[in-house]
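Text of the file entry.cif, holding mmCIF, C-alpha atoms and all ligand atoms; chains and numbers go by the auth columns:
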data_run
loop_
_atom_site.group_PDB
_atom_site.id
_atom_site.type_symbol
_atom_site.label_atom_id
_atom_site.label_comp_id
_atom_site.label_asym_id
_atom_site.label_seq_id
_atom_site.Cartn_x
_atom_site.Cartn_y
_atom_site.Cartn_z
_atom_site.B_iso_or_equiv
_atom_site.auth_seq_id
_atom_site.auth_asym_id
ATOM 1 C CA MET A 1 0.000 0.000 0.000 0.00 120 F
ATOM 2 C CA CYS A 2 1.222 3.483 -0.880 0.00 121 F
ATOM 3 C CA TRP A 3 -0.020 6.496 1.025 0.00 122 F
ATOM 4 C CA TRP A 4 0.773 10.132 1.729 0.00 123 F
ATOM 5 C CA ASN A 5 1.968 11.383 5.062 0.00 124 F
ATOM 6 C CA GLY A 6 1.568 15.103 4.426 0.00 125 F
ATOM 7 C CA ALA A 7 3.887 15.741 1.489 0.00 126 F
ATOM 8 C CA GLU A 8 5.821 12.530 2.076 0.00 127 F
ATOM 9 C CA SER A 9 5.008 9.493 -0.110 0.00 128 F
ATOM 10 C CA ILE A 10 5.249 6.232 1.813 0.00 129 F
ATOM 11 C CA ALA A 11 5.197 2.724 0.322 0.00 130 F
ATOM 12 C CA ASN A 12 4.550 -0.020 2.827 0.00 131 F
ATOM 13 C CA PRO A 13 6.715 -3.089 2.252 0.00 132 F
ATOM 14 C CA PRO A 14 4.798 -6.045 0.814 0.00 133 F
ATOM 15 C CA THR A 15 3.654 -8.481 3.459 0.00 134 F
ATOM 16 C CA SER A 16 5.445 -11.793 3.566 0.00 135 F
ATOM 17 C CA ARG A 17 2.556 -13.776 5.030 0.00 136 F
ATOM 18 C CA SER A 18 -1.122 -14.071 4.219 0.00 137 F
ATOM 19 C CA VAL A 19 -3.978 -13.036 6.496 0.00 138 F
ATOM 20 C CA PRO A 20 -5.777 -16.048 7.986 0.00 139 F
ATOM 21 C CA PRO A 21 -9.370 -16.172 6.681 0.00 140 F
ATOM 22 C CA ALA A 22 -10.810 -15.975 10.177 0.00 141 F
ATOM 23 C CA ALA A 23 -8.964 -12.664 10.662 0.00 142 F
ATOM 24 C CA ILE A 24 -10.637 -11.054 7.645 0.00 143 F
ATOM 25 C CA PRO A 25 -13.112 -8.680 9.283 0.00 144 F
ATOM 26 C CA LEU A 26 -16.794 -8.240 8.522 0.00 145 F
ATOM 27 C CA PRO A 27 -17.257 -5.171 6.313 0.00 146 F
ATOM 28 C CA ASP A 28 -19.164 -2.224 7.700 0.00 147 F
ATOM 29 C CA PHE A 29 -21.241 -0.544 4.995 0.00 148 F
ATOM 30 C CA LEU A 30 -23.337 1.697 7.240 0.00 149 F
ATOM 31 C CA GLY A 31 -21.566 4.948 6.329 0.00 150 F
ATOM 32 C CA TRP A 32 -21.624 4.035 2.655 0.00 151 F
ATOM 33 C CA GLN A 33 -25.312 3.142 2.815 0.00 152 F
ATOM 34 C CA GLU A 34 -26.226 6.422 4.492 0.00 153 F
ATOM 35 C CA ALA A 35 -24.362 8.353 1.797 0.00 154 F
ATOM 36 C CA PHE A 36 -25.884 6.214 -0.943 0.00 155 F
ATOM 37 C CA GLU A 37 -29.459 6.778 0.252 0.00 156 F
ATOM 38 C CA THR A 38 -29.102 10.522 -0.317 0.00 157 F
ATOM 39 C CA SER A 39 -26.937 10.350 -3.433 0.00 158 F
ATOM 40 C CA PRO A 40 -28.223 11.504 -6.843 0.00 159 F
ATOM 41 C CA VAL A 41 -26.706 8.339 -8.384 0.00 160 F
ATOM 42 C CA ARG A 42 -29.017 6.178 -6.295 0.00 161 F
ATOM 43 C CA GLU A 43 -31.429 5.701 -9.209 0.00 162 F
ATOM 44 C CA HIS A 44 -28.651 4.414 -11.448 0.00 163 F
ATOM 45 C CA VAL A 45 -26.743 2.031 -9.189 0.00 164 F
ATOM 46 C CA ARG A 46 -27.836 -1.364 -7.904 0.00 165 F
ATOM 47 C CA PRO A 47 -26.265 -1.802 -4.473 0.00 166 F
ATOM 48 C CA GLN A 48 -24.615 -5.128 -3.708 0.00 167 F
ATOM 49 C CA LEU A 49 -23.149 -6.565 -0.546 0.00 168 F
ATOM 50 C CA VAL A 50 -19.477 -7.160 -1.202 0.00 169 F
ATOM 51 C CA MET A 51 -18.170 -10.053 0.873 0.00 170 F
ATOM 52 C CA GLU A 52 -15.034 -12.123 1.116 0.00 171 F
ATOM 53 C CA GLY A 53 -15.222 -15.849 1.793 0.00 172 F
ATOM 54 C CA SER A 54 -11.730 -16.772 0.679 0.00 173 F
ATOM 55 C CA ARG A 55 -8.433 -15.577 -0.723 0.00 174 F
ATOM 56 C CA GLY A 56 -6.010 -17.245 -3.103 0.00 175 F
ATOM 57 C CA CYS A 57 -6.992 -19.894 -5.623 0.00 176 F
ATOM 58 C CA TRP A 58 -7.051 -23.694 -5.266 0.00 177 F
ATOM 59 C CA TRP A 59 -6.741 -24.064 -9.043 0.00 178 F
ATOM 60 C CA GLY A 60 -3.875 -21.617 -9.332 0.00 179 F
ATOM 61 C CA GLU A 61 -1.956 -23.538 -6.670 0.00 180 F
ATOM 62 C CA LYS A 62 -1.607 -26.332 -9.272 0.00 181 F
ATOM 63 C CA HIS A 63 -1.872 -24.609 -12.673 0.00 182 F
ATOM 64 C CA GLN A 64 -1.853 -20.863 -12.425 0.00 183 F
ATOM 65 C CA CYS A 65 -3.594 -19.411 -15.489 0.00 184 F
ATOM 66 C CA THR A 66 -1.256 -17.410 -17.723 0.00 185 F
ATOM 67 C CA PHE A 67 -3.481 -14.340 -17.457 0.00 186 F
ATOM 68 C CA CYS A 68 -3.812 -14.574 -13.664 0.00 187 F
ATOM 69 C CA GLY A 69 -3.007 -11.412 -11.755 0.00 188 F
ATOM 70 C CA LEU A 70 -2.557 -13.081 -8.384 0.00 189 F
ATOM 71 C CA ASN A 71 0.749 -12.692 -6.676 0.00 190 F
ATOM 72 C CA GLY A 72 2.403 -16.125 -6.628 0.00 191 F
ATOM 73 C CA SER A 73 3.289 -15.999 -2.948 0.00 192 F
ATOM 74 C CA MET A 74 -0.333 -15.235 -1.996 0.00 193 F
ATOM 75 C CA ILE A 75 -2.022 -17.758 -4.252 0.00 194 F
ATOM 76 C CA GLY A 76 -2.403 -20.426 -1.543 0.00 195 F
ATOM 77 C CA PHE A 77 -6.121 -20.965 -1.088 0.00 196 F
ATOM 78 C CA ARG A 78 -7.680 -20.331 2.317 0.00 197 F
ATOM 79 C CA SER A 79 -11.367 -19.786 3.070 0.00 198 F
ATOM 80 C CA LYS A 80 -13.574 -18.900 5.982 0.00 199 F
ATOM 81 C CA PRO A 81 -15.346 -21.717 7.814 0.00 200 F
ATOM 82 C CA ALA A 82 -18.852 -22.156 6.416 0.00 201 F
ATOM 83 C CA ASP A 83 -20.569 -21.192 9.692 0.00 202 F
ATOM 84 C CA ARG A 84 -18.583 -17.983 9.878 0.00 203 F
ATOM 85 C CA PHE A 85 -19.349 -17.037 6.285 0.00 204 F
ATOM 86 C CA LEU A 86 -23.076 -17.792 6.702 0.00 205 F
ATOM 87 C CA ASP A 87 -23.177 -15.787 9.903 0.00 206 F
ATOM 88 C CA GLU A 88 -21.586 -12.816 8.130 0.00 207 F
ATOM 89 C CA LEU A 89 -23.978 -13.146 5.205 0.00 208 F
ATOM 90 C CA SER A 90 -26.964 -13.202 7.522 0.00 209 F
ATOM 91 C CA THR A 91 -25.667 -10.228 9.501 0.00 210 F
ATOM 92 C CA LEU A 92 -25.061 -8.093 6.413 0.00 211 F
ATOM 93 C CA VAL A 93 -28.372 -8.934 4.730 0.00 212 F
ATOM 94 C CA ARG A 94 -30.339 -8.173 7.910 0.00 213 F
ATOM 95 C CA ARG A 95 -28.404 -5.008 8.615 0.00 214 F
ATOM 96 C CA HIS A 96 -28.489 -3.510 5.117 0.00 215 F
ATOM 97 C CA GLN A 97 -31.642 -5.170 3.715 0.00 216 F
ATOM 98 C CA ILE A 98 -29.885 -5.864 0.433 0.00 217 F
ATOM 99 C CA LEU A 99 -30.364 -9.223 -1.305 0.00 218 F
ATOM 100 C CA ASP A 100 -27.713 -8.932 -4.042 0.00 219 F
ATOM 101 C CA VAL A 101 -24.489 -10.448 -2.767 0.00 220 F
ATOM 102 C CA LEU A 102 -21.117 -10.230 -4.480 0.00 221 F
ATOM 103 C CA PRO A 103 -18.408 -12.432 -2.965 0.00 222 F
ATOM 104 C CA VAL A 104 -15.117 -11.146 -4.371 0.00 223 F
ATOM 105 C CA ASP A 105 -13.394 -14.510 -3.996 0.00 224 F
ATOM 106 C CA ASN A 106 -11.128 -15.492 -6.880 0.00 225 F
ATOM 107 C CA ILE A 107 -12.760 -18.890 -6.992 0.00 226 F
ATOM 108 C CA LEU A 108 -15.563 -20.649 -5.127 0.00 227 F
ATOM 109 C CA ASP A 109 -14.507 -22.996 -2.337 0.00 228 F
ATOM 110 C CA MET A 110 -15.639 -26.464 -3.475 0.00 229 F
ATOM 111 C CA ASN A 111 -16.560 -27.367 0.098 0.00 230 F
ATOM 112 C CA TYR A 112 -19.154 -24.604 -0.020 0.00 231 F
ATOM 113 C CA PHE A 113 -21.180 -26.807 -2.402 0.00 232 F
ATOM 114 C CA ARG A 114 -21.883 -29.060 0.570 0.00 233 F
ATOM 115 C CA THR A 115 -22.108 -26.408 3.244 0.00 234 F
ATOM 116 C CA VAL A 116 -22.718 -22.767 2.317 0.00 235 F
ATOM 117 C CA LEU A 117 -24.799 -23.159 -0.842 0.00 236 F
ATOM 118 C CA PRO A 118 -27.381 -25.623 0.557 0.00 237 F
ATOM 119 C CA ALA A 119 -27.623 -23.522 3.717 0.00 238 F
ATOM 120 C CA MET A 120 -28.248 -20.417 1.602 0.00 239 F
ATOM 121 C CA ALA A 121 -31.021 -22.262 -0.245 0.00 240 F
ATOM 122 C CA ASP A 122 -32.552 -23.366 3.078 0.00 241 F
ATOM 123 C CA LEU A 123 -32.798 -19.744 4.168 0.00 242 F
ATOM 124 C CA GLU A 124 -35.476 -19.303 1.495 0.00 243 F
ATOM 125 C CA TRP A 125 -34.359 -15.727 0.975 0.00 244 F
ATOM 126 C CA ASP A 126 -34.426 -14.534 -2.627 0.00 245 F
ATOM 127 C CA LEU A 127 -30.709 -13.883 -2.693 0.00 246 F
ATOM 128 C CA ARG A 128 -28.890 -13.232 -5.924 0.00 247 F
ATOM 129 C CA VAL A 129 -25.283 -14.285 -5.462 0.00 248 F
ATOM 130 C CA HIS A 130 -22.551 -13.802 -8.051 0.00 249 F
ATOM 131 C CA TYR A 131 -19.625 -16.207 -7.582 0.00 250 F
ATOM 132 C CA GLU A 132 -16.551 -16.699 -9.742 0.00 251 F
ATOM 133 C CA ILE A 133 -16.237 -20.397 -10.515 0.00 252 F
ATOM 134 C CA LYS A 134 -13.977 -22.516 -12.641 0.00 253 F
ATOM 135 C CA SER A 135 -15.547 -22.839 -16.085 0.00 254 F
ATOM 136 C CA ASN A 136 -15.640 -26.650 -16.172 0.00 255 F
ATOM 137 C CA ILE A 137 -17.859 -26.851 -13.099 0.00 256 F
ATOM 138 C CA ARG A 138 -20.966 -27.911 -14.919 0.00 257 F
ATOM 139 C CA THR A 139 -23.288 -30.735 -15.669 0.00 258 F
ATOM 140 C CA ASP A 140 -24.056 -32.009 -19.176 0.00 259 F
ATOM 141 C CA TYR A 141 -26.041 -34.745 -20.840 0.00 260 F
ATOM 142 C CA ARG A 142 -26.288 -36.447 -24.192 0.00 261 F
ATOM 143 C CA ARG A 143 -28.873 -38.718 -25.728 0.00 262 F
ATOM 144 C CA GLY A 144 -28.453 -42.361 -26.664 0.00 263 F
ATOM 145 C CA PRO A 145 -30.884 -44.997 -27.934 0.00 264 F
ATOM 146 C CA GLY A 146 -33.279 -45.306 -25.005 0.00 265 F
ATOM 147 C CA PHE A 147 -30.975 -43.739 -22.429 0.00 266 F
ATOM 148 C CA LEU A 148 -29.336 -40.485 -21.405 0.00 267 F
ATOM 149 C CA GLN A 149 -25.756 -40.066 -20.212 0.00 268 F
ATOM 150 C CA VAL A 150 -25.252 -37.388 -17.600 0.00 269 F
ATOM 151 C CA LYS A 151 -21.908 -36.059 -16.453 0.00 270 F
ATOM 152 C CA ASP A 152 -21.892 -34.008 -13.279 0.00 271 F
ATOM 153 C CA MET A 153 -18.709 -31.994 -12.698 0.00 272 F
ATOM 154 C CA ARG A 154 -20.120 -29.459 -10.269 0.00 273 F
ATOM 155 C CA ASP A 155 -17.987 -30.808 -7.493 0.00 274 F
ATOM 156 C CA PRO A 156 -14.629 -32.021 -8.888 0.00 275 F
ATOM 157 C CA ALA A 157 -14.000 -33.853 -5.605 0.00 276 F
ATOM 158 C CA ALA A 158 -17.166 -35.895 -6.117 0.00 277 F
ATOM 159 C CA ALA A 159 -17.612 -35.868 -9.897 0.00 278 F
ATOM 160 C CA ALA A 160 -20.242 -38.331 -11.087 0.00 279 F
ATOM 161 C CA ARG A 161 -21.535 -39.851 -14.256 0.00 280 F
ATOM 162 C CA MET A 162 -24.826 -41.651 -14.586 0.00 281 F
ATOM 163 C CA ILE A 163 -27.075 -43.351 -17.089 0.00 282 F
ATOM 164 C CA ILE A 164 -30.795 -42.635 -17.065 0.00 283 F
ATOM 165 C CA ASP A 165 -32.452 -45.620 -18.751 0.00 284 F
ATOM 166 C CA ASP A 166 -35.734 -45.526 -16.856 0.00 285 F
ATOM 167 C CA GLY A 167 -38.363 -44.305 -19.300 0.00 286 F
ATOM 168 C CA ALA A 168 -40.293 -42.206 -16.783 0.00 287 F
ATOM 169 C CA LEU A 169 -37.161 -40.515 -15.474 0.00 288 F
ATOM 170 C CA GLY A 170 -35.824 -39.849 -18.975 0.00 289 F
ATOM 171 C CA SER A 171 -39.145 -38.453 -20.099 0.00 290 F
ATOM 172 C CA ALA A 172 -39.413 -36.152 -17.051 0.00 291 F
ATOM 173 C CA PHE A 173 -35.792 -35.077 -17.559 0.00 292 F
ATOM 174 C CA THR A 174 -36.365 -33.998 -21.169 0.00 293 F
ATOM 175 C CA HIS A 175 -39.817 -32.550 -20.507 0.00 294 F
ATOM 176 C CA CYS A 176 -38.369 -30.215 -17.895 0.00 295 F
ATOM 177 C CA LEU A 177 -35.610 -28.902 -20.156 0.00 296 F
ATOM 178 C CA ARG A 178 -38.018 -26.021 -20.475 0.00 297 F
ATOM 179 C CA PRO A 179 -39.251 -24.792 -17.103 0.00 298 F
ATOM 180 C CA ARG A 180 -42.555 -26.468 -16.173 0.00 299 F
ATOM 181 C CA ARG A 181 -45.095 -25.763 -13.481 0.00 300 F
ATOM 182 C CA LEU A 182 -45.321 -28.593 -10.960 0.00 301 F
ATOM 183 C CA PRO A 183 -49.138 -28.406 -10.714 0.00 302 F
ATOM 184 C CA ASP A 184 -49.302 -29.045 -14.489 0.00 303 F
ATOM 185 C CA LEU A 185 -47.470 -32.382 -14.206 0.00 304 F
ATOM 186 C CA GLY A 186 -49.248 -35.694 -13.747 0.00 305 F
ATOM 187 C CA ALA A 187 -48.751 -37.725 -10.566 0.00 306 F
ATOM 188 C CA ALA A 188 -46.294 -40.173 -12.163 0.00 307 F
ATOM 189 C CA GLU A 189 -44.251 -37.393 -13.701 0.00 308 F
ATOM 190 C CA ARG A 190 -44.149 -35.537 -10.402 0.00 309 F
ATOM 191 C CA ASP A 191 -42.748 -38.673 -8.734 0.00 310 F
ATOM 192 C CA ALA A 192 -40.069 -38.861 -11.438 0.00 311 F
ATOM 193 C CA VAL A 193 -39.266 -35.178 -11.011 0.00 312 F
ATOM 194 C CA ASP A 194 -38.897 -35.703 -7.254 0.00 313 F
ATOM 195 C CA VAL A 195 -36.267 -38.357 -7.922 0.00 314 F
ATOM 196 C CA LEU A 196 -34.433 -36.019 -10.282 0.00 315 F
ATOM 197 C CA ILE A 197 -34.581 -33.219 -7.716 0.00 316 F
ATOM 198 C CA ASP A 198 -33.039 -35.567 -5.138 0.00 317 F
ATOM 199 C CA GLU A 199 -30.247 -36.315 -7.636 0.00 318 F
ATOM 200 C CA ARG A 200 -29.743 -32.539 -8.137 0.00 319 F
ATOM 201 C CA LEU A 201 -30.511 -32.906 -11.864 0.00 320 F
ATOM 202 C CA VAL A 202 -33.687 -30.840 -11.654 0.00 321 F
ATOM 203 C CA LEU A 203 -33.996 -27.588 -9.783 0.00 322 F
ATOM 204 C CA ARG A 204 -37.235 -26.650 -8.076 0.00 323 F
ATOM 205 C CA CYS A 205 -37.954 -22.980 -7.545 0.00 324 F
ATOM 206 C CA GLY A 206 -41.386 -22.422 -6.044 0.00 325 F
ATOM 207 C CA ASP A 207 -43.854 -24.058 -8.438 0.00 326 F
ATOM 208 C CA LEU A 208 -41.352 -24.200 -11.290 0.00 327 F
ATOM 209 C CA VAL A 209 -38.998 -27.052 -12.100 0.00 328 F
ATOM 210 C CA VAL A 210 -36.235 -27.085 -14.662 0.00 329 F
ATOM 211 C CA THR A 211 -33.622 -29.623 -15.744 0.00 330 F
ATOM 212 C CA LEU A 212 -30.095 -28.385 -15.029 0.00 331 F
ATOM 213 C CA PRO A 213 -27.697 -30.283 -17.345 0.00 332 F
ATOM 214 C CA ASN A 214 -26.958 -28.762 -20.744 0.00 333 F
ATOM 215 C CA ARG A 215 -27.103 -30.858 -23.864 0.00 334 F
ATOM 216 C CA MET A 216 -23.578 -31.328 -25.110 0.00 335 F
ATOM 217 C CA ARG A 217 -23.299 -32.421 -28.732 0.00 336 F
ATOM 218 C CA ARG A 218 -19.538 -32.758 -28.879 0.00 337 F
ATOM 219 C CA TRP A 219 -18.024 -34.456 -25.867 0.00 338 F
ATOM 220 C CA PRO A 220 -14.413 -34.108 -24.915 0.00 339 F
ATOM 221 C CA VAL A 221 -12.367 -37.322 -25.078 0.00 340 F
ATOM 222 C CA PRO A 222 -12.586 -39.526 -23.106 0.00 341 F
ATOM 223 C CA ALA A 223 -16.296 -38.910 -23.281 0.00 342 F
ATOM 224 C CA MET A 224 -17.422 -40.197 -19.892 0.00 343 F
ATOM 225 C CA SER A 225 -14.302 -39.772 -17.820 0.00 344 F
ATOM 226 C CA VAL A 226 -14.954 -37.788 -14.687 0.00 345 F
HETATM 227 S S1 LIG B . -8.681 -19.481 -11.784 0.00 1 M
HETATM 228 FE FE1 LIG B . -8.498 -17.237 -11.623 0.00 1 M
HETATM 229 S S2 LIG B . -7.440 -16.869 -9.676 0.00 1 M
HETATM 230 FE FE2 LIG B . -7.164 -19.013 -10.188 0.00 1 M
HETATM 231 S S3 LIG B . -5.192 -19.119 -11.261 0.00 1 M
HETATM 232 FE FE3 LIG B . -6.777 -18.879 -12.834 0.00 1 M
HETATM 233 S S4 LIG B . -7.004 -16.670 -13.170 0.00 1 M
HETATM 234 FE FE4 LIG B . -5.849 -16.958 -11.238 0.00 1 M
#
Can I see the file as structure tokens?
Amino acid sequence: MCWWNGAESIANPPTSRSVPPAAIPLPDFLGWQEAFETSPVREHVRPQLVMEGSRGCWWGEKHQCTFCGLNGSMIGFRSKPADRFLDELSTLVRRHQILDVLPVDNILDMNYFRTVLPAMADLEWDLRVHYEIKSNIRTDYRRGPGFLQVKDMRDPAAAARMIIDDGALGSAFTHCLRPRRLPDLGAAERDAVDVLIDERLVLRCGDLVVTLPNRMRRWPVPAMSV
């Protein structure tokens, strides 16, 4: 950090050690929010809660991208415990009454798929959260004769591939590629959709359900490796 001490320019020496995630403080936006509420730009800016769940990058530790701007000595990934992050999220949302959340993490902690993200969904708040993720974290499917192959890479630590060869499940899967209203589905199709929801292949949002995997026409080789 460079700063002025009167007319004297001072450059702090770079730190040689990283800040532990638990020592990263909770931001205080109260002064900013007060100023924002009376600002003429208020009509043109959508306020977001800027948070920090982690620093560094677990991917960059192994293969730092050539365009990455992270300092090599600070690239080691470290993240806040899930409970701490959820507590901070809850505190900020209640305090500022803002539902758009912008974690500035370089990359999403994969453990958060099992901890933070389901807990956020359980809150049943209409949060809109923008996370940076690695681009191959996705789920895809392709069609075969009487079956579907699904490849789920959302959690690289627990990547999965599956075959859907049950007619009712396959039919519900393809029917819900366009969002459908649950009350419009028949009883048998609803049962099939419930199974797909349990497998995290269909997302339910209120009365709407939609299939999550994308159709991939050209699969990387080897096609079903995970
Ligand atoms: S994923 Fe992002 S933070 Fe990680 S090494 Fe690549 S550019 Fe850097």
Kindly provide the residues of chain F that approach ligand LIG 1 (chain M) to within 8 Å, each paired with its closest atom pair and their distance in Å to one decimal, based on all atoms listed in the file, listed by chain and increasing number, as a Markdown table.
| residue | atom | partner | partner_atom | distance |
| --- | --- | --- | --- | --- |
| F:Gly175 | CA | M:LIG1 | S2 | 6.7 |
| F:Cys176 | CA | M:LIG1 | FE2 | 4.7 |
| F:Trp177 | CA | M:LIG1 | FE2 | 6.8 |
| F:Trp178 | CA | M:LIG1 | FE2 | 5.2 |
| F:Gly179 | CA | M:LIG1 | S3 | 3.4 |
| F:Glu180 | CA | M:LIG1 | S3 | 7.1 |
| F:His182 | CA | M:LIG1 | S3 | 6.6 |
| F:Gln183 | CA | M:LIG1 | S3 | 3.9 |
| F:Cys184 | CA | M:LIG1 | FE3 | 4.2 |
| F:Thr185 | CA | M:LIG1 | S4 | 7.4 |
| F:Phe186 | CA | M:LIG1 | S4 | 6.0 |
| F:Cys187 | CA | M:LIG1 | S4 | 3.9 |
| F:Gly188 | CA | M:LIG1 | FE4 | 6.3 |
| F:Leu189 | CA | M:LIG1 | FE4 | 5.8 |
| F:Ile194 | CA | M:LIG1 | S2 | 7.7 |
| F:Asn225 | CA | M:LIG1 | S2 | 4.8 |
| F:Ile226 | CA | M:LIG1 | S2 | 6.3 |
| F:Ile252 | CA | M:LIG1 | S1 | 7.7 |
| F:Lys253 | CA | M:LIG1 | S1 | 6.2 |
Let me know the residues the PyMOL selection byres (((chain F and resi 264) around 12) and not hetatm) catches in the file above, as a ChimeraX atom specification. /F:261-263,265-268,282-284,286,289
File of the preceding selection, C-alpha atoms, as a tab-separated table (two decimals), keeping the file's coordinate frame:
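Now in part-v7.tsv:
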chain	number	residue	atom	x	y	z
F	261	ARG	CA	-26.29	-36.45	-24.19
F	262	ARG	CA	-28.87	-38.72	-25.73
F	263	GLY	CA	-28.45	-42.36	-26.66
F	265	GLY	CA	-33.28	-45.31	-25.00
F	266	PHE	CA	-30.98	-43.74	-22.43
F	267	LEU	CA	-29.34	-40.48	-21.40
F	268	GLN	CA	-25.76	-40.07	-20.21
F	282	ILE	CA	-27.08	-43.35	-17.09
F	283	ILE	CA	-30.80	-42.64	-17.07
F	284	ASP	CA	-32.45	-45.62	-18.75
F	286	GLY	CA	-38.36	-44.30	-19.30
F	289	GLY	CA	-35.82	-39.85	-18.98
Let me know the residues the PyMOL selection byres (((chain F and resi 298-304) around 8) and not hetatm) catches in the file above, as a list in words.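 Here the PyMOL selection byres (((chain F and resi 298-304) around 8) and not hetatm) matches His294, Cys295, Leu296, Arg297, Gly305, Ala306, Glu308, Arg309, Asp326, Leu327, Val328, Val329 and Thr330 of chain F.
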Atom pair atom CA of Pro144 of chain F + atom CA of Leu227 of chain F, distance 18.9 Å
Which residues are near Asp259 of chain F? Cut-off 9 Å, all atoms listed in the file, ignore same chain within fewer than 3 positions. Put them as a VMD selection string. chain F and resid 268 to 272 331 to 335
Measuring atom to atom with all atoms listed in the file, identify which of F:Val164, F:Leu322, F:Ala279, F:Met170 is nearest to Asp224 of chain F. F:Met170
Go through F:Ala287, F:Arg323, F:Arg213, F:Met120 one by one, measure the shortest atom-to-atom distance of each to Pro132 of chain F using only C-alpha atoms, and give the residue with the smallest value.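 Under the stated criterion, the closest residue is F:Met120.
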Find, counting all atoms listed in the file, the residue in F:Leu149, F:Ala291, F:Ala141, F:Leu221 that gets nearest to Asp202 of chain F.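 Once distances to Asp202 of chain F are computed over all atoms listed in the file, the minimum belongs to F:Ala141.
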Let me make sure I understand: among F:Pro139, F:Gly191, F:Gly172, F:Pro200, which one has the smallest atom-to-atom distance to Val220 of chain F if we use all atoms listed in the file?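 Under the stated criterion, the closest residue is F:Gly172.
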Report, in Å with one decimal, the straight-line distance from atom CA of Asp245 of chain F to atom CA of Val223 of chain F.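 Calculated distance between atom CA of Asp245 of chain F and atom CA of Val223 of chain F is 19.7 Å.
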